[in-house]
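Enquirer: Sharing structure_20.txt (compact mmCIF, C-alpha atoms and all ligand atoms) below.
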# COMPACT_ATOMS: atom_id res chain seq x y z
CA MET U 220 31.87 164.25 -79.84
CA THR U 221 33.55 160.87 -80.30
CA ASN U 222 31.19 158.18 -81.56
CA ILE U 223 32.13 154.60 -80.68
CA LEU U 224 30.41 151.54 -82.13
CA LEU U 225 30.18 148.79 -79.51
CA THR U 226 29.47 145.43 -81.12
CA GLY U 227 27.99 143.17 -78.43
CA GLY U 228 27.05 146.46 -76.74
CA THR U 229 24.19 145.07 -74.64
CA GLY U 230 26.35 142.19 -73.32
CA TYR U 231 28.06 142.04 -69.95
CA ILE U 232 31.30 143.89 -70.69
CA GLY U 233 29.79 145.94 -73.54
CA SER U 234 27.11 147.46 -71.29
CA HIS U 235 29.65 148.51 -68.65
CA THR U 236 31.83 149.99 -71.39
CA ALA U 237 28.82 151.96 -72.69
CA VAL U 238 28.31 153.49 -69.23
CA SER U 239 32.00 154.39 -68.94
CA LEU U 240 32.07 155.95 -72.41
CA ILE U 241 29.00 158.08 -71.67
CA GLN U 242 30.53 159.18 -68.38
CA ALA U 243 33.70 160.12 -70.29
CA GLY U 244 31.65 162.33 -72.64
CA MET U 245 31.61 159.97 -75.64
CA VAL U 246 28.69 158.57 -77.61
CA PRO U 247 28.37 154.77 -77.66
CA VAL U 248 26.27 153.24 -80.44
CA LEU U 249 25.27 149.72 -79.44
CA LEU U 250 25.03 146.97 -82.03
CA ASP U 251 23.88 143.54 -80.88
CA SER U 252 21.98 140.56 -82.26
CA LEU U 253 20.65 140.00 -78.69
CA VAL U 254 21.64 136.32 -78.94
CA ASN U 255 23.00 136.47 -75.37
CA SER U 256 21.56 139.70 -73.94
CA SER U 257 18.42 141.80 -73.75
CA ALA U 258 17.31 145.21 -75.03
CA VAL U 259 16.31 146.06 -71.43
CA VAL U 260 19.99 146.86 -70.91
CA VAL U 261 19.43 150.12 -72.81
CA ASP U 262 16.86 151.19 -70.18
CA ARG U 263 19.34 150.33 -67.46
CA ILE U 264 22.16 152.34 -69.08
CA GLU U 265 19.74 155.28 -69.32
CA GLN U 266 18.82 154.90 -65.64
CA ILE U 267 22.51 155.01 -64.66
CA THR U 268 23.69 157.80 -66.97
CA SER U 269 20.49 159.73 -67.89
CA ILE U 270 21.49 159.24 -71.52
CA ARG U 271 19.83 156.66 -73.74
CA PRO U 272 22.24 155.11 -76.25
CA VAL U 273 21.09 154.00 -79.69
CA LEU U 274 20.67 150.22 -80.01
CA ILE U 275 20.79 148.64 -83.45
CA GLN U 276 19.72 145.01 -83.55
CA ALA U 277 21.93 143.46 -86.21
CA ASP U 278 24.38 140.66 -86.88
CA VAL U 279 27.99 141.77 -87.34
CA ARG U 280 28.28 139.40 -90.29
CA GLU U 281 25.93 141.71 -92.30
CA THR U 282 28.94 143.54 -93.74
CA GLU U 283 27.14 145.97 -96.07
CA ARG U 284 24.66 146.99 -93.37
CA LEU U 285 27.50 147.42 -90.91
CA ALA U 286 29.39 149.69 -93.30
CA HIS U 287 26.27 151.87 -93.63
CA ILE U 288 25.92 152.01 -89.84
CA PHE U 289 29.54 153.19 -89.50
CA ILE U 290 28.84 155.98 -92.01
CA GLU U 291 25.32 156.93 -90.83
CA HIS U 292 26.40 157.28 -87.18
CA GLU U 293 29.72 158.94 -88.05
CA ILE U 294 31.61 156.32 -86.08
CA ASP U 295 35.19 157.19 -85.10
CA ALA U 296 36.22 153.82 -83.64
CA ALA U 297 34.86 150.37 -82.82
CA ILE U 298 35.12 148.16 -79.76
CA HIS U 299 34.34 144.61 -80.80
CA PHE U 300 32.77 142.57 -77.98
CA SER U 301 30.34 140.53 -80.07
CA ALA U 302 31.23 136.83 -79.86
CA LEU U 303 30.08 133.52 -78.46
CA LYS U 304 32.05 132.69 -75.31
CA ALA U 305 31.12 129.31 -73.78
CA VAL U 306 34.03 126.86 -73.89
CA GLY U 307 31.90 123.71 -73.53
CA GLU U 308 29.43 124.82 -76.18
CA SER U 309 32.33 125.61 -78.52
CA VAL U 310 33.45 121.97 -78.30
CA GLN U 311 29.92 120.83 -79.20
CA GLN U 312 29.36 123.46 -81.92
CA PRO U 313 32.76 124.49 -83.33
CA LEU U 314 31.32 125.71 -86.65
CA ALA U 315 28.98 128.15 -84.87
CA TYR U 316 31.96 129.53 -82.95
CA TYR U 317 34.27 129.89 -85.96
CA ASP U 318 31.42 131.47 -87.92
CA ASN U 319 30.32 133.96 -85.23
CA ASN U 320 33.71 134.89 -83.86
CA VAL U 321 36.11 134.64 -86.80
CA SER U 322 33.73 135.57 -89.64
CA GLY U 323 32.26 138.25 -87.37
CA LEU U 324 35.63 139.96 -86.95
CA ILE U 325 36.42 139.69 -90.68
CA SER U 326 33.09 141.36 -91.43
CA VAL U 327 33.74 144.17 -88.93
CA LEU U 328 37.19 144.83 -90.43
CA GLN U 329 35.78 144.80 -93.98
CA ALA U 330 33.00 147.23 -93.02
CA MET U 331 35.50 149.51 -91.28
CA LYS U 332 37.64 149.61 -94.41
CA LYS U 333 34.63 150.51 -96.57
CA ALA U 334 33.59 153.24 -94.11
CA GLU U 335 37.17 154.43 -93.54
CA VAL U 336 37.06 153.80 -89.80
CA ARG U 337 40.62 152.99 -88.74
CA HIS U 338 40.59 152.35 -84.96
CA ILE U 339 39.41 149.15 -83.24
CA VAL U 340 39.73 147.57 -79.81
CA LEU U 341 39.23 143.81 -79.82
CA SER U 342 37.79 141.77 -77.00
CA SER U 343 40.12 138.81 -76.77
CA SER U 344 40.67 136.57 -73.75
CA ALA U 345 43.42 135.30 -71.46
CA THR U 346 42.58 131.89 -72.92
CA VAL U 347 45.03 132.78 -75.76
CA TYR U 348 47.91 132.09 -73.36
CA GLY U 349 46.98 128.38 -73.60
CA GLU U 350 48.78 125.97 -71.31
CA HIS U 351 52.48 126.56 -71.89
CA GLY U 352 53.30 126.12 -68.20
CA GLN U 353 55.26 129.38 -67.74
CA SER U 354 54.46 131.45 -64.69
CA PRO U 355 54.27 134.39 -64.57
CA THR U 356 53.14 134.68 -68.19
CA SER U 357 54.41 137.61 -70.23
CA GLU U 358 52.20 139.49 -72.66
CA ASP U 359 54.33 138.40 -75.62
CA ALA U 360 54.16 134.68 -74.75
CA PRO U 361 53.32 132.51 -77.80
CA LEU U 362 49.59 132.16 -78.38
CA SER U 363 47.83 128.82 -78.20
CA ALA U 364 44.46 127.41 -77.24
CA THR U 365 42.97 124.21 -75.90
CA ASN U 366 39.41 124.45 -77.27
CA PRO U 367 37.51 125.92 -80.26
CA TYR U 368 36.50 129.10 -78.35
CA GLY U 369 40.16 129.76 -77.53
CA GLN U 370 41.16 128.99 -81.12
CA THR U 371 38.71 131.63 -82.37
CA LYS U 372 40.34 134.22 -80.10
CA VAL U 373 43.85 133.24 -81.27
CA MET U 374 42.67 133.50 -84.89
CA MET U 375 40.99 136.86 -84.24
CA GLU U 376 44.23 138.26 -82.83
CA ARG U 377 46.26 136.92 -85.80
CA ILE U 378 43.76 138.30 -88.33
CA ALA U 379 43.91 141.76 -86.75
CA ALA U 380 47.73 141.66 -86.66
CA ASP U 381 47.96 140.55 -90.32
CA VAL U 382 45.50 143.20 -91.49
CA ALA U 383 47.34 145.89 -89.51
CA SER U 384 50.68 144.86 -91.03
CA SER U 385 49.20 145.13 -94.51
CA ASP U 386 47.60 148.50 -93.77
CA ALA U 387 49.48 150.94 -91.54
CA SER U 388 46.39 153.14 -91.18
CA LEU U 389 44.63 150.48 -89.07
CA ARG U 390 45.27 150.96 -85.33
CA TYR U 391 44.18 148.18 -83.00
CA ALA U 392 44.50 146.98 -79.41
CA MET U 393 43.56 143.73 -77.67
CA LEU U 394 41.91 143.20 -74.30
CA ARG U 395 42.77 139.80 -72.76
CA TYR U 396 40.62 139.40 -69.66
CA PHE U 397 40.90 136.73 -66.98
CA ASN U 398 37.41 135.73 -65.75
CA PRO U 399 35.70 139.14 -65.52
CA VAL U 400 33.07 139.07 -62.78
CA GLY U 401 30.86 141.46 -60.80
CA ALA U 402 28.10 143.95 -61.49
CA HIS U 403 27.74 147.73 -61.69
CA PRO U 404 27.49 149.33 -58.20
CA SER U 405 23.90 150.37 -59.05
CA GLY U 406 22.96 146.71 -59.42
CA LEU U 407 21.22 147.63 -62.69
CA ILE U 408 23.63 145.93 -65.10
CA GLY U 409 25.72 142.81 -64.69
CA GLU U 410 26.09 139.39 -66.24
CA HIS U 411 22.50 138.33 -66.82
CA PRO U 412 22.18 136.22 -70.00
CA PRO U 413 18.81 134.95 -71.18
CA GLY U 414 18.19 131.20 -70.87
CA VAL U 415 20.69 128.83 -69.33
CA PRO U 416 23.97 130.60 -68.40
CA ASN U 417 26.92 129.32 -70.43
CA ASN U 418 29.88 129.71 -68.08
CA LEU U 419 30.54 129.22 -64.39
CA MET U 420 30.51 132.84 -63.25
CA SER U 421 27.34 133.71 -65.16
CA TYR U 422 25.73 130.60 -63.64
CA VAL U 423 26.64 131.76 -60.14
CA SER U 424 25.53 135.36 -60.75
CA LYS U 425 22.27 134.33 -62.41
CA SER U 426 21.53 131.95 -59.54
CA LEU U 427 22.16 134.70 -56.99
CA TRP U 428 20.03 137.13 -59.01
CA ALA U 429 17.14 134.66 -58.96
CA CYS U 430 17.65 134.06 -55.24
CA VAL U 431 17.63 137.73 -54.36
CA LYS U 432 14.33 138.17 -56.23
CA ASN U 433 12.80 135.45 -54.13
CA SER U 434 12.79 136.13 -50.43
CA LEU U 435 12.10 132.47 -49.64
CA TYR U 436 15.39 131.52 -51.29
CA LEU U 437 17.10 134.46 -49.59
CA ALA U 438 15.89 133.15 -46.21
CA MET U 439 17.28 129.73 -47.16
CA ILE U 440 20.66 131.23 -48.01
CA MET U 441 20.78 133.12 -44.72
CA THR U 442 19.87 129.94 -42.84
CA LEU U 443 22.56 128.00 -44.68
CA ALA U 444 25.08 130.78 -43.98
CA THR U 445 24.20 130.65 -40.29
CA VAL U 446 24.53 126.86 -40.23
CA ARG U 447 27.86 127.13 -42.08
CA ALA U 448 29.11 129.82 -39.67
CA SER U 449 28.19 127.70 -36.68
CA VAL U 450 29.93 124.69 -38.23
CA ILE U 451 33.09 126.79 -38.78
CA THR U 452 33.06 128.29 -35.28
CA SER U 453 32.48 124.89 -33.72
CA MET U 454 35.51 123.33 -35.43
O1 LIG U 501 27.14 136.66 -83.13
C1 LIG U 501 26.98 137.30 -82.09
C2 LIG U 501 27.41 136.80 -80.83
C3 LIG U 501 27.19 137.57 -79.70
N1 LIG U 501 26.58 138.78 -79.80
C4 LIG U 501 26.35 139.59 -78.62
O2 LIG U 501 27.61 139.87 -78.05
C5 LIG U 501 27.44 140.14 -76.66
C6 LIG U 501 28.51 139.42 -75.90
O3 LIG U 501 28.31 139.69 -74.54
P1 LIG U 501 28.30 138.55 -73.43
O4 LIG U 501 27.64 139.10 -72.24
O5 LIG U 501 27.82 137.27 -74.02
O6 LIG U 501 29.85 138.36 -73.21
P2 LIG U 501 30.88 139.23 -72.38
O7 LIG U 501 30.61 140.66 -72.51
O8 LIG U 501 31.10 138.65 -71.04
O9 LIG U 501 32.11 138.71 -73.23
C7 LIG U 501 33.20 139.41 -73.58
O10 LIG U 501 34.34 138.83 -73.00
C8 LIG U 501 34.59 137.50 -73.33
C9 LIG U 501 35.83 137.05 -72.60
O11 LIG U 501 35.61 137.10 -71.22
C10 LIG U 501 34.74 137.36 -74.84
O12 LIG U 501 35.92 137.95 -75.26
C11 LIG U 501 33.58 137.99 -75.58
O13 LIG U 501 33.90 138.08 -76.94
C12 LIG U 501 33.30 139.37 -75.10
O14 LIG U 501 32.11 139.86 -75.65
C13 LIG U 501 26.02 139.66 -76.29
O15 LIG U 501 25.21 140.78 -76.02
C14 LIG U 501 25.54 138.92 -77.53
O16 LIG U 501 24.15 139.04 -77.71
C15 LIG U 501 26.17 139.29 -81.03
O17 LIG U 501 25.62 140.38 -81.12
N2 LIG U 501 26.38 138.52 -82.15
Will you turn the file into structure tokens for me?

Expert:
Amino acid sequence: MTNILLTGGTGYIGSHTAVSLIQAGMVPVLLDSLVNSSAVVVDRIEQITSIRPVLIQADVRETERLAHIFIEHEIDAAIHFSALKAVGESVQQPLAYYDNNVSGLISVLQAMKKAEVRHIVLSSSATVYGEHGQSPTSEDAPLSATNPYGQTKVMMERIAADVASSDASLRYAMLRYFNPVGAHPSGLIGEHPPGVPNNLMSYVSKSLWACVKNSLYLAMIMTLATVRASVITSM
């Protein structure tokens, strides 16, 4: 069995990764502070896969606790999704973003070293390509960022690269996504943050989720769609 620690494991991408790992015969261990997700996700993963993953509610900045978790669960590798991700909020609260995202990664790497776990996949973002104006953009384009959230992702990538060059036993990979969107085909997991959604796509998906739960709103959408269709066909 391969045991994988998923930080941010009950979040949007983390929960889908947990399902895929279970379906590939691996054992995800979810670690999340639940700052932007809910423990209900564990029920949903169980409904989809018939396997209930362990959820540990913890903050990745608790380095000693994290090191114990790596050892106790015999973790082979980590996938680090835990981070704050709202660009606008990062401009308002840069310290929270540098603390969560940059200090969070440092803590994970320190705990991995203590527990002798040497493989990590990092959740980065296409925002690290900045605005250098080249199109198409190549993977080795220089990194830059236009806001504190993006800066945290650039720093996270540089920290991982520097640590790996000082320690050949550390193996790492980056995932740089462009606007991930959509839900699991079962409809049981998707982007569904608590409170006010903090980016455009989660706002749209949360609004639709609320609409679908309320048939009155659904009827309104269908009426609007019909009106829109008749406007288009009459043009
Ligand atoms: O300090 C923190 C901050 C966040 N989280 C958790 O981390 C998860 C992040 O999941 P989200 O659903 O908020 O975010 P996504 O899965 O969509 O985000 C992923 O993709 C983003 C880019 O699209 C960023 O790279 C981000 O780091 C990465 O988790 C959440 O469960 C949240 O509760 C923590 O446990 N501790």

Enquirer: Need the axis-aligned box for ligand LIG 501 (chain U) with 8 Å each side, so what are the centre and edges in Å to one decimal, as AutoDock Vina command-line options?

Expert:
--center_x 30.0 --center_y 138.7 --center_z -77.1 --size_x 27.8 --size_y 20.1 --size_z 28.1

Enquirer: Could you please extract the residues within 8 Å of ligand LIG 501 (chain U), counting only C-alpha atoms and all ligand atoms, and hand them back as an MDAnalysis selection string?

Expert: chainID U and resid 226:234 250:257 276:280 299:304 319:320 323 342:345 372 395:399 410:412

Enquirer: Please dump the current selection as a short mmCIF file (atom, residue, chain, number, x, y, z; two decimals), in the coordinates of the input; keep C-alpha atoms.

Expert:
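result_34.cif, written as the output of this step:
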data_model
loop_
_atom_site.label_atom_id
_atom_site.label_comp_id
_atom_site.auth_asym_id
_atom_site.auth_seq_id
_atom_site.Cartn_x
_atom_site.Cartn_y
_atom_site.Cartn_z
CA THR U 226 29.47 145.43 -81.12
CA GLY U 227 27.99 143.17 -78.43
CA GLY U 228 27.05 146.46 -76.74
CA THR U 229 24.19 145.07 -74.64
CA GLY U 230 26.35 142.19 -73.32
CA TYR U 231 28.06 142.04 -69.95
CA ILE U 232 31.30 143.89 -70.69
CA GLY U 233 29.79 145.94 -73.54
CA SER U 234 27.11 147.46 -71.29
CA LEU U 250 25.03 146.97 -82.03
CA ASP U 251 23.88 143.54 -80.88
CA SER U 252 21.98 140.56 -82.26
CA LEU U 253 20.65 140.00 -78.69
CA VAL U 254 21.64 136.32 -78.94
CA ASN U 255 23.00 136.47 -75.37
CA SER U 256 21.56 139.70 -73.94
CA SER U 257 18.42 141.80 -73.75
CA GLN U 276 19.72 145.01 -83.55
CA ALA U 277 21.93 143.46 -86.21
CA ASP U 278 24.38 140.66 -86.88
CA VAL U 279 27.99 141.77 -87.34
CA ARG U 280 28.28 139.40 -90.29
CA HIS U 299 34.34 144.61 -80.80
CA PHE U 300 32.77 142.57 -77.98
CA SER U 301 30.34 140.53 -80.07
CA ALA U 302 31.23 136.83 -79.86
CA LEU U 303 30.08 133.52 -78.46
CA LYS U 304 32.05 132.69 -75.31
CA ASN U 319 30.32 133.96 -85.23
CA ASN U 320 33.71 134.89 -83.86
CA GLY U 323 32.26 138.25 -87.37
CA SER U 342 37.79 141.77 -77.00
CA SER U 343 40.12 138.81 -76.77
CA SER U 344 40.67 136.57 -73.75
CA ALA U 345 43.42 135.30 -71.46
CA LYS U 372 40.34 134.22 -80.10
CA ARG U 395 42.77 139.80 -72.76
CA TYR U 396 40.62 139.40 -69.66
CA PHE U 397 40.90 136.73 -66.98
CA ASN U 398 37.41 135.73 -65.75
CA PRO U 399 35.70 139.14 -65.52
CA GLU U 410 26.09 139.39 -66.24
CA HIS U 411 22.50 138.33 -66.82
CA PRO U 412 22.18 136.22 -70.00
#

Enquirer: Counting all atoms listed in the file, which of U:Asn366, U:Ile408, U:Lys332, U:Leu224 gets nearest to Ala258 in chain U?

Expert: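 Among the listed residues, the smallest separation from Ala258 in chain U belongs to U:Ile408.
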
Enquirer: Which residue gives the smallest distance to Leu240 in chain U among U:Ala360, U:Val336, U:Met220, U:Leu314, with all atoms listed in the file counted?

Expert: U:Met220

Enquirer: I'd like the interatomic distance between CA of Glu308 in chain U and CA of Ser363 in chain U, to a tenth of an Å.

Expert: 18.9 Å

Enquirer: Using CA of Val259 in chain U and CA of Ile339 in chain U as the two end points, give the distance in Å to one decimal.

Expert: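 About the pair CA of Val259 in chain U and CA of Ile339 in chain U: they are 26.1 Å apart.
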